[in-house]
$ cat model03.txt   # compact mmCIF, N, CA and C atoms
# COMPACT_ATOMS: atom_id res chain seq x y z
N MET M 2 113.42 72.42 79.28
CA MET M 2 112.74 73.16 80.33
C MET M 2 112.28 74.50 79.77
N ARG M 3 111.08 74.87 80.12
CA ARG M 3 110.50 76.11 79.63
C ARG M 3 110.59 77.19 80.71
N LYS M 4 110.63 78.42 80.28
CA LYS M 4 110.64 79.55 81.22
C LYS M 4 109.19 79.92 81.50
N PHE M 5 108.62 79.37 82.57
CA PHE M 5 107.20 79.52 82.83
C PHE M 5 106.78 80.97 83.04
N LYS M 6 107.66 81.79 83.60
CA LYS M 6 107.30 83.19 83.86
C LYS M 6 107.07 83.97 82.58
N GLU M 7 107.59 83.46 81.47
CA GLU M 7 107.40 84.13 80.18
C GLU M 7 106.13 83.69 79.47
N LEU M 8 105.48 82.65 79.98
CA LEU M 8 104.27 82.14 79.34
C LEU M 8 103.08 83.04 79.68
N GLN M 9 102.37 83.47 78.66
CA GLN M 9 101.22 84.34 78.86
C GLN M 9 100.15 83.65 79.70
N ILE M 10 100.00 82.34 79.55
CA ILE M 10 99.00 81.62 80.34
C ILE M 10 99.35 81.63 81.82
N TRP M 11 100.63 81.61 82.14
CA TRP M 11 101.05 81.68 83.55
C TRP M 11 100.80 83.09 84.09
N GLN M 12 101.17 84.10 83.32
CA GLN M 12 100.97 85.50 83.73
C GLN M 12 99.49 85.80 83.97
N SER M 13 98.66 85.30 83.07
CA SER M 13 97.22 85.49 83.22
C SER M 13 96.71 84.74 84.46
N GLY M 14 97.26 83.57 84.71
CA GLY M 14 96.89 82.82 85.91
C GLY M 14 97.20 83.57 87.19
N ILE M 15 98.32 84.29 87.19
CA ILE M 15 98.67 85.12 88.35
C ILE M 15 97.65 86.26 88.51
N GLU M 16 97.25 86.87 87.41
CA GLU M 16 96.26 87.95 87.46
C GLU M 16 94.91 87.44 87.97
N ILE M 17 94.53 86.26 87.53
CA ILE M 17 93.29 85.66 88.02
C ILE M 17 93.37 85.42 89.52
N THR M 18 94.50 84.90 89.97
CA THR M 18 94.69 84.63 91.39
C THR M 18 94.56 85.90 92.22
N LYS M 19 95.18 86.97 91.76
CA LYS M 19 95.10 88.24 92.50
C LYS M 19 93.65 88.74 92.56
N ALA M 20 92.94 88.62 91.45
CA ALA M 20 91.54 89.07 91.41
C ALA M 20 90.67 88.21 92.34
N VAL M 21 90.94 86.92 92.37
CA VAL M 21 90.16 86.02 93.23
C VAL M 21 90.39 86.35 94.70
N TYR M 22 91.61 86.66 95.07
CA TYR M 22 91.88 87.02 96.45
C TYR M 22 91.12 88.30 96.85
N LYS M 23 90.98 89.23 95.91
CA LYS M 23 90.21 90.45 96.19
C LYS M 23 88.73 90.12 96.39
N VAL M 24 88.20 89.23 95.58
CA VAL M 24 86.80 88.81 95.74
C VAL M 24 86.65 88.06 97.06
N ALA M 25 87.60 87.19 97.36
CA ALA M 25 87.52 86.38 98.58
C ALA M 25 87.51 87.24 99.84
N GLU M 26 88.18 88.39 99.80
CA GLU M 26 88.18 89.30 100.95
C GLU M 26 86.79 89.81 101.28
N GLN M 27 85.92 89.83 100.30
CA GLN M 27 84.57 90.36 100.49
C GLN M 27 83.59 89.33 101.04
N LEU M 28 84.00 88.07 101.07
CA LEU M 28 83.11 87.02 101.54
C LEU M 28 82.95 87.08 103.05
N PRO M 29 81.81 86.64 103.53
CA PRO M 29 81.60 86.63 104.99
C PRO M 29 82.59 85.70 105.69
N ASN M 30 82.89 86.03 106.94
CA ASN M 30 83.86 85.24 107.71
C ASN M 30 83.47 83.77 107.82
N GLU M 31 82.17 83.48 107.85
CA GLU M 31 81.75 82.08 107.97
C GLU M 31 82.12 81.26 106.74
N GLU M 32 82.49 81.92 105.65
CA GLU M 32 82.94 81.23 104.44
C GLU M 32 84.45 81.05 104.40
N ARG M 33 85.13 81.44 105.48
CA ARG M 33 86.58 81.37 105.51
C ARG M 33 87.11 79.97 105.18
N PHE M 34 86.47 78.95 105.70
CA PHE M 34 86.92 77.58 105.45
C PHE M 34 86.02 76.86 104.45
N GLY M 35 85.12 77.57 103.84
CA GLY M 35 84.23 77.00 102.84
C GLY M 35 84.67 77.40 101.45
N ILE M 36 83.80 78.13 100.80
CA ILE M 36 84.05 78.48 99.40
C ILE M 36 85.25 79.40 99.23
N ARG M 37 85.52 80.23 100.22
CA ARG M 37 86.69 81.12 100.13
C ARG M 37 87.97 80.30 100.00
N SER M 38 88.11 79.31 100.83
CA SER M 38 89.30 78.45 100.79
C SER M 38 89.38 77.69 99.47
N GLN M 39 88.26 77.16 99.02
CA GLN M 39 88.25 76.42 97.76
C GLN M 39 88.62 77.31 96.58
N MET M 40 88.06 78.53 96.57
CA MET M 40 88.33 79.46 95.47
C MET M 40 89.80 79.83 95.40
N THR M 41 90.37 80.18 96.53
CA THR M 41 91.77 80.61 96.50
C THR M 41 92.70 79.46 96.15
N ARG M 42 92.38 78.25 96.63
CA ARG M 42 93.20 77.09 96.27
C ARG M 42 93.10 76.79 94.78
N ALA M 43 91.90 76.86 94.22
CA ALA M 43 91.72 76.60 92.79
C ALA M 43 92.46 77.65 91.97
N ALA M 44 92.37 78.91 92.40
CA ALA M 44 93.04 80.00 91.66
C ALA M 44 94.56 79.82 91.68
N VAL M 45 95.12 79.53 92.83
CA VAL M 45 96.57 79.34 92.95
C VAL M 45 97.02 78.12 92.15
N SER M 46 96.15 77.13 92.05
CA SER M 46 96.48 75.91 91.32
C SER M 46 96.70 76.16 89.83
N ILE M 47 96.06 77.17 89.28
CA ILE M 47 96.17 77.42 87.84
C ILE M 47 97.62 77.75 87.45
N PRO M 48 98.20 78.85 87.94
CA PRO M 48 99.58 79.14 87.55
C PRO M 48 100.58 78.14 88.14
N SER M 49 100.25 77.56 89.29
CA SER M 49 101.17 76.59 89.90
C SER M 49 101.35 75.36 89.02
N ASN M 50 100.26 74.85 88.47
CA ASN M 50 100.37 73.67 87.60
C ASN M 50 101.03 73.99 86.27
N ILE M 51 100.81 75.20 85.78
CA ILE M 51 101.50 75.62 84.56
C ILE M 51 103.00 75.67 84.82
N ALA M 52 103.38 76.23 85.96
CA ALA M 52 104.81 76.31 86.31
C ALA M 52 105.41 74.92 86.50
N GLU M 53 104.72 74.07 87.26
CA GLU M 53 105.25 72.73 87.50
C GLU M 53 105.35 71.93 86.20
N GLY M 54 104.35 72.04 85.35
CA GLY M 54 104.37 71.32 84.09
C GLY M 54 105.50 71.78 83.19
N SER M 55 105.83 73.05 83.26
CA SER M 55 106.90 73.57 82.39
C SER M 55 108.26 72.98 82.74
N SER M 56 108.38 72.41 83.92
CA SER M 56 109.66 71.81 84.31
C SER M 56 109.82 70.39 83.78
N ARG M 57 108.74 69.83 83.28
CA ARG M 57 108.77 68.44 82.80
C ARG M 57 109.49 68.35 81.47
N GLN M 58 110.19 67.25 81.29
CA GLN M 58 110.96 67.07 80.07
C GLN M 58 110.11 66.66 78.88
N SER M 59 109.02 65.93 79.13
CA SER M 59 108.21 65.47 78.00
C SER M 59 107.00 66.38 77.80
N ASP M 60 106.63 66.53 76.55
CA ASP M 60 105.44 67.31 76.23
C ASP M 60 104.18 66.65 76.78
N THR M 61 104.18 65.33 76.85
CA THR M 61 103.03 64.60 77.39
C THR M 61 102.81 64.98 78.85
N ASP M 62 103.89 65.01 79.62
CA ASP M 62 103.79 65.40 81.03
C ASP M 62 103.35 66.85 81.16
N PHE M 63 103.93 67.73 80.35
CA PHE M 63 103.57 69.14 80.39
C PHE M 63 102.08 69.31 80.07
N ARG M 64 101.63 68.61 79.06
CA ARG M 64 100.22 68.71 78.67
C ARG M 64 99.30 68.27 79.80
N ARG M 65 99.70 67.24 80.52
CA ARG M 65 98.88 66.76 81.65
C ARG M 65 98.74 67.85 82.71
N PHE M 66 99.80 68.57 83.01
CA PHE M 66 99.73 69.66 83.99
C PHE M 66 98.87 70.81 83.47
N LEU M 67 98.90 71.04 82.16
CA LEU M 67 98.03 72.06 81.57
C LEU M 67 96.56 71.65 81.71
N GLU M 68 96.30 70.36 81.57
CA GLU M 68 94.93 69.86 81.77
C GLU M 68 94.47 70.07 83.21
N ILE M 69 95.37 69.86 84.15
CA ILE M 69 95.04 70.08 85.57
C ILE M 69 94.77 71.56 85.81
N ALA M 70 95.59 72.43 85.23
CA ALA M 70 95.38 73.87 85.37
C ALA M 70 94.02 74.27 84.80
N LEU M 71 93.66 73.70 83.66
CA LEU M 71 92.37 73.99 83.05
C LEU M 71 91.23 73.49 83.95
N GLY M 72 91.40 72.34 84.54
CA GLY M 72 90.40 71.82 85.47
C GLY M 72 90.22 72.74 86.66
N SER M 73 91.32 73.27 87.18
CA SER M 73 91.24 74.23 88.30
C SER M 73 90.54 75.51 87.87
N LEU M 74 90.79 75.93 86.65
CA LEU M 74 90.13 77.12 86.12
C LEU M 74 88.62 76.92 86.06
N TYR M 75 88.18 75.76 85.57
CA TYR M 75 86.76 75.46 85.49
C TYR M 75 86.14 75.31 86.89
N GLU M 76 86.91 74.74 87.80
CA GLU M 76 86.44 74.63 89.19
C GLU M 76 86.21 76.03 89.76
N LEU M 77 87.17 76.91 89.55
CA LEU M 77 87.05 78.29 90.03
C LEU M 77 85.84 78.98 89.41
N GLU M 78 85.67 78.82 88.11
CA GLU M 78 84.54 79.45 87.44
C GLU M 78 83.22 78.98 88.05
N THR M 79 83.12 77.71 88.35
CA THR M 79 81.92 77.15 88.97
C THR M 79 81.67 77.78 90.33
N GLN M 80 82.72 77.95 91.11
CA GLN M 80 82.57 78.55 92.44
C GLN M 80 82.11 80.00 92.34
N LEU M 81 82.62 80.72 91.34
CA LEU M 81 82.19 82.10 91.14
C LEU M 81 80.74 82.17 90.67
N ILE M 82 80.33 81.20 89.86
CA ILE M 82 78.93 81.14 89.44
C ILE M 82 78.03 80.92 90.65
N VAL M 83 78.45 80.07 91.57
CA VAL M 83 77.67 79.84 92.79
C VAL M 83 77.53 81.15 93.57
N LEU M 84 78.62 81.90 93.71
CA LEU M 84 78.55 83.20 94.41
C LEU M 84 77.58 84.14 93.72
N LYS M 85 77.62 84.13 92.41
CA LYS M 85 76.73 84.99 91.62
C LYS M 85 75.28 84.56 91.79
N GLU M 86 75.02 83.26 91.64
CA GLU M 86 73.65 82.74 91.74
C GLU M 86 73.04 82.95 93.12
N LEU M 87 73.88 82.88 94.15
CA LEU M 87 73.39 83.09 95.52
C LEU M 87 73.39 84.57 95.92
N SER M 88 73.79 85.42 94.98
CA SER M 88 73.86 86.88 95.21
C SER M 88 74.76 87.24 96.39
N ILE M 89 75.82 86.46 96.57
CA ILE M 89 76.78 86.74 97.64
C ILE M 89 77.72 87.85 97.18
N ILE M 90 78.07 87.84 95.92
CA ILE M 90 78.89 88.89 95.31
C ILE M 90 78.10 89.41 94.11
N ASP M 91 78.10 90.72 93.96
CA ASP M 91 77.38 91.36 92.85
C ASP M 91 77.91 90.86 91.51
N SER M 92 76.99 90.49 90.63
CA SER M 92 77.39 89.93 89.34
C SER M 92 78.19 90.92 88.50
N LYS M 93 77.92 92.20 88.63
CA LYS M 93 78.68 93.21 87.89
C LYS M 93 80.15 93.21 88.30
N GLU M 94 80.40 92.90 89.55
CA GLU M 94 81.78 92.85 90.03
C GLU M 94 82.50 91.60 89.53
N LEU M 95 81.75 90.55 89.28
CA LEU M 95 82.35 89.29 88.82
C LEU M 95 82.55 89.24 87.31
N GLU M 96 81.83 90.05 86.57
CA GLU M 96 81.91 89.99 85.10
C GLU M 96 83.34 90.12 84.56
N PRO M 97 84.15 91.09 85.02
CA PRO M 97 85.52 91.16 84.50
C PRO M 97 86.32 89.89 84.77
N LEU M 98 86.09 89.27 85.91
CA LEU M 98 86.79 88.04 86.26
C LEU M 98 86.34 86.89 85.35
N PHE M 99 85.03 86.83 85.07
CA PHE M 99 84.54 85.81 84.14
C PHE M 99 85.17 85.99 82.75
N GLU M 100 85.36 87.22 82.33
CA GLU M 100 85.98 87.48 81.02
C GLU M 100 87.43 87.01 80.99
N ILE M 101 88.17 87.29 82.07
CA ILE M 101 89.57 86.85 82.14
C ILE M 101 89.64 85.32 82.15
N ILE M 102 88.73 84.70 82.87
CA ILE M 102 88.68 83.24 82.93
C ILE M 102 88.41 82.66 81.56
N GLU M 103 87.49 83.26 80.82
CA GLU M 103 87.18 82.77 79.48
C GLU M 103 88.41 82.89 78.57
N GLN M 104 89.11 84.00 78.66
CA GLN M 104 90.32 84.19 77.85
C GLN M 104 91.39 83.17 78.23
N GLU M 105 91.56 82.96 79.52
CA GLU M 105 92.56 81.99 79.99
C GLU M 105 92.23 80.59 79.49
N SER M 106 90.96 80.25 79.51
CA SER M 106 90.53 78.94 79.02
C SER M 106 90.91 78.76 77.56
N LYS M 107 90.64 79.76 76.76
CA LYS M 107 90.99 79.70 75.34
C LYS M 107 92.49 79.59 75.14
N MET M 108 93.26 80.37 75.91
CA MET M 108 94.71 80.34 75.76
C MET M 108 95.29 78.99 76.15
N ILE M 109 94.81 78.43 77.26
CA ILE M 109 95.31 77.13 77.70
C ILE M 109 94.97 76.05 76.67
N ASN M 110 93.74 76.07 76.16
CA ASN M 110 93.34 75.09 75.15
C ASN M 110 94.19 75.20 73.89
N ARG M 111 94.45 76.43 73.43
CA ARG M 111 95.30 76.61 72.25
C ARG M 111 96.72 76.11 72.54
N PHE M 112 97.21 76.44 73.72
CA PHE M 112 98.57 76.03 74.08
C PHE M 112 98.67 74.51 74.16
N MET M 113 97.65 73.86 74.73
CA MET M 113 97.66 72.39 74.80
C MET M 113 97.68 71.79 73.40
N SER M 114 96.96 72.40 72.47
CA SER M 114 96.97 71.90 71.09
C SER M 114 98.35 71.99 70.49
N LYS M 115 99.06 73.08 70.78
CA LYS M 115 100.42 73.24 70.26
C LYS M 115 101.35 72.22 70.89
N VAL M 116 101.22 72.01 72.18
CA VAL M 116 102.08 71.04 72.86
C VAL M 116 101.80 69.65 72.31
N LYS M 117 100.55 69.33 72.09
CA LYS M 117 100.18 68.03 71.53
C LYS M 117 100.76 67.87 70.13
N THR M 118 100.67 68.93 69.33
CA THR M 118 101.20 68.90 67.98
C THR M 118 102.70 68.64 67.99
N PHE M 119 103.40 69.34 68.87
CA PHE M 119 104.84 69.16 68.94
C PHE M 119 105.20 67.75 69.38
N SER M 120 104.47 67.20 70.33
CA SER M 120 104.81 65.87 70.83
C SER M 120 104.46 64.78 69.82
N ASN M 121 103.54 65.07 68.89
CA ASN M 121 103.16 64.07 67.88
C ASN M 121 103.95 64.20 66.60
N SER M 122 104.76 65.24 66.48
CA SER M 122 105.51 65.41 65.23
C SER M 122 106.62 64.37 65.17
N PRO M 123 106.92 63.94 63.96
CA PRO M 123 107.95 62.90 63.83
C PRO M 123 109.31 63.39 64.30
N LYS M 124 110.02 62.51 64.93
CA LYS M 124 111.36 62.82 65.43
C LYS M 124 112.36 62.71 64.29
N PRO M 125 113.36 63.58 64.26
CA PRO M 125 114.36 63.46 63.20
C PRO M 125 115.13 62.15 63.34
N LYS M 126 115.42 61.56 62.20
CA LYS M 126 116.16 60.30 62.21
C LYS M 126 117.63 60.60 62.46
N THR M 127 118.22 59.77 63.26
CA THR M 127 119.66 59.92 63.52
C THR M 127 120.39 58.80 62.81
N LYS M 128 121.50 59.16 62.28
CA LYS M 128 122.32 58.15 61.60
C LYS M 128 123.06 57.32 62.62
N VAL M 129 123.08 56.05 62.33
CA VAL M 129 123.80 55.13 63.20
C VAL M 129 125.15 54.88 62.57
N ARG M 130 126.19 55.01 63.36
CA ARG M 130 127.55 54.75 62.86
C ARG M 130 127.81 53.28 62.75
N ASP M 131 128.55 52.94 61.73
CA ASP M 131 128.92 51.53 61.54
C ASP M 131 130.06 51.14 62.45
$ encode --input "model03.txt" --output "structure tokens"
Amino acid sequence: MRKFKELQIWQSGIEITKAVYKVAEQLPNEERFGIRSQMTRAAVSIPSNIAEGSSRQSDTDFRRFLEIALGSLYELETQLIVLKELSIIDSKELEPLFEIIEQESKMINRFMSKVKTFSNSPKPKTKVRD
């Protein structure tokens, strides 16, 4: 079991979530059950899946949860691009969030590579007693 709170990717996911909630507060009320809801759910999903995956015993299972977190990150990025393209939120305000998202993407991808490497490494041979 891994200590998820110590993982930089989890900590960054929490920061992204907080930033998304601040952006979501600026959206019109009619978006309360539309893009606002989708954005906040996608943002919360990032650190949540990292945390849940860290509880898994196998690296394969953990990696799958990291893939889900990455998918949520890309979903969130797409939603923010829509806000930017529709000029609902000023693009200058979104730029720092896009930068954090890009960094998180790189960190998750690197971490998945490490998890994959560890799960593919040969297991030590154990001696069988006669």
$ atom_distance --input "model03.txt" --atom1 "atom C of M:Glu76" --atom2 "atom CA of M:Arg42"
9.6 Å
$ residues_around --input "model03.txt" --residues "M:Ser56" --least-positions-apart "6" --cutoff "9 Å" --atoms "only C-alpha atoms" --output "PyMOL selection string"
chain M and resi 2-5+63
$ residues_around --input "model03.txt" --residues "M:Gln39" --least-positions-apart "5" --cutoff "10 Å" --atoms "only C-alpha atoms" --output "list of chain:residue names"
M:Glu32, M:Arg33, M:Phe34, M:Ala44, M:Glu76, M:Leu77, M:Gln80
$ closest_residue --input "model03.txt" --among "M:Val21, M:Leu28, M:Ile10, M:Met108" --to "M:Ile89" --atoms "only C-alpha atoms"
M:Leu28
$ residues_around --input "model03.txt" --residues "M:Ile47" --least-positions-apart "5" --cutoff "6 Å" --atoms "all atoms listed in the file" --output "MDAnalysis selection string"
chainID M and resid 14 70 73:74
$ atom_distance --input "model03.txt" --atom1 "atom CA of M:Ile69" --atom2 "atom C of M:Ile102"
14.8 Å
$ closest_residue --input "model03.txt" --among "M:Gln12, M:Asn30, M:Glu53, M:Met40" --to "M:Leu81" --atoms "all atoms listed in the file"
M:Met40
$ closest_residue --input "model03.txt" --among "M:Thr61, M:Lys117, M:Gly54, M:Ala43" --to "M:Tyr75" --atoms "all atoms listed in the file"
M:Ala43
$ axis_aligned_box --input "model03.txt" --around "stretch 40-44 of chain M" --padding-each-side "8 Å" --output "lines of an AutoDock Vina configuration file"
center_x = 91.3
center_y = 78.6
center_z = 94.1
size_x = 22.5
size_y = 20.0
size_z = 21.0
$ closest_residue --input "model03.txt" --among "M:Asn110, M:Trp11, M:Lys23, M:Arg57" --to "M:Arg37" --atoms "only C-alpha atoms"
M:Lys23
$ residues_around --input "model03.txt" --residues "M:Ile51" --least-positions-apart "5" --cutoff "6 Å" --atoms "all atoms listed in the file" --output "PyMOL selection string"
chain M and resi 46+66-67+70
$ write_last_selection --input "model03.txt" --atoms "N, CA and C atoms" --output "mmCIF file, in the coordinates of the input"
data_model
loop_
_atom_site.group_PDB
_atom_site.id
_atom_site.type_symbol
_atom_site.label_atom_id
_atom_site.label_comp_id
_atom_site.auth_asym_id
_atom_site.auth_seq_id
_atom_site.Cartn_x
_atom_site.Cartn_y
_atom_site.Cartn_z
ATOM 1 N N SER M 46 96.150 77.130 92.050
ATOM 2 C CA SER M 46 96.480 75.910 91.320
ATOM 3 C C SER M 46 96.700 76.160 89.830
ATOM 4 N N PHE M 66 99.800 68.570 83.010
ATOM 5 C CA PHE M 66 99.730 69.660 83.990
ATOM 6 C C PHE M 66 98.870 70.810 83.470
ATOM 7 N N LEU M 67 98.900 71.040 82.160
ATOM 8 C CA LEU M 67 98.030 72.060 81.570
ATOM 9 C C LEU M 67 96.560 71.650 81.710
ATOM 10 N N ALA M 70 95.590 72.430 85.230
ATOM 11 C CA ALA M 70 95.380 73.870 85.370
ATOM 12 C C ALA M 70 94.020 74.270 84.800
#
$ atom_distance --input "model03.txt" --atom1 "atom CA of M:Ser106" --atom2 "atom CA of M:Thr79"
13.3 Å
$ closest_residue --input "model03.txt" --among "M:Leu95, M:Ala52, M:Glu26, M:Ile101" --to "M:Ser13" --atoms "only N, CA and C atoms"
M:Ile101
$ closest_residue --input "model03.txt" --among "M:Leu8, M:Glu78, M:Glu68, M:Ser49" --to "M:Leu98" --atoms "all atoms listed in the file"
M:Glu78
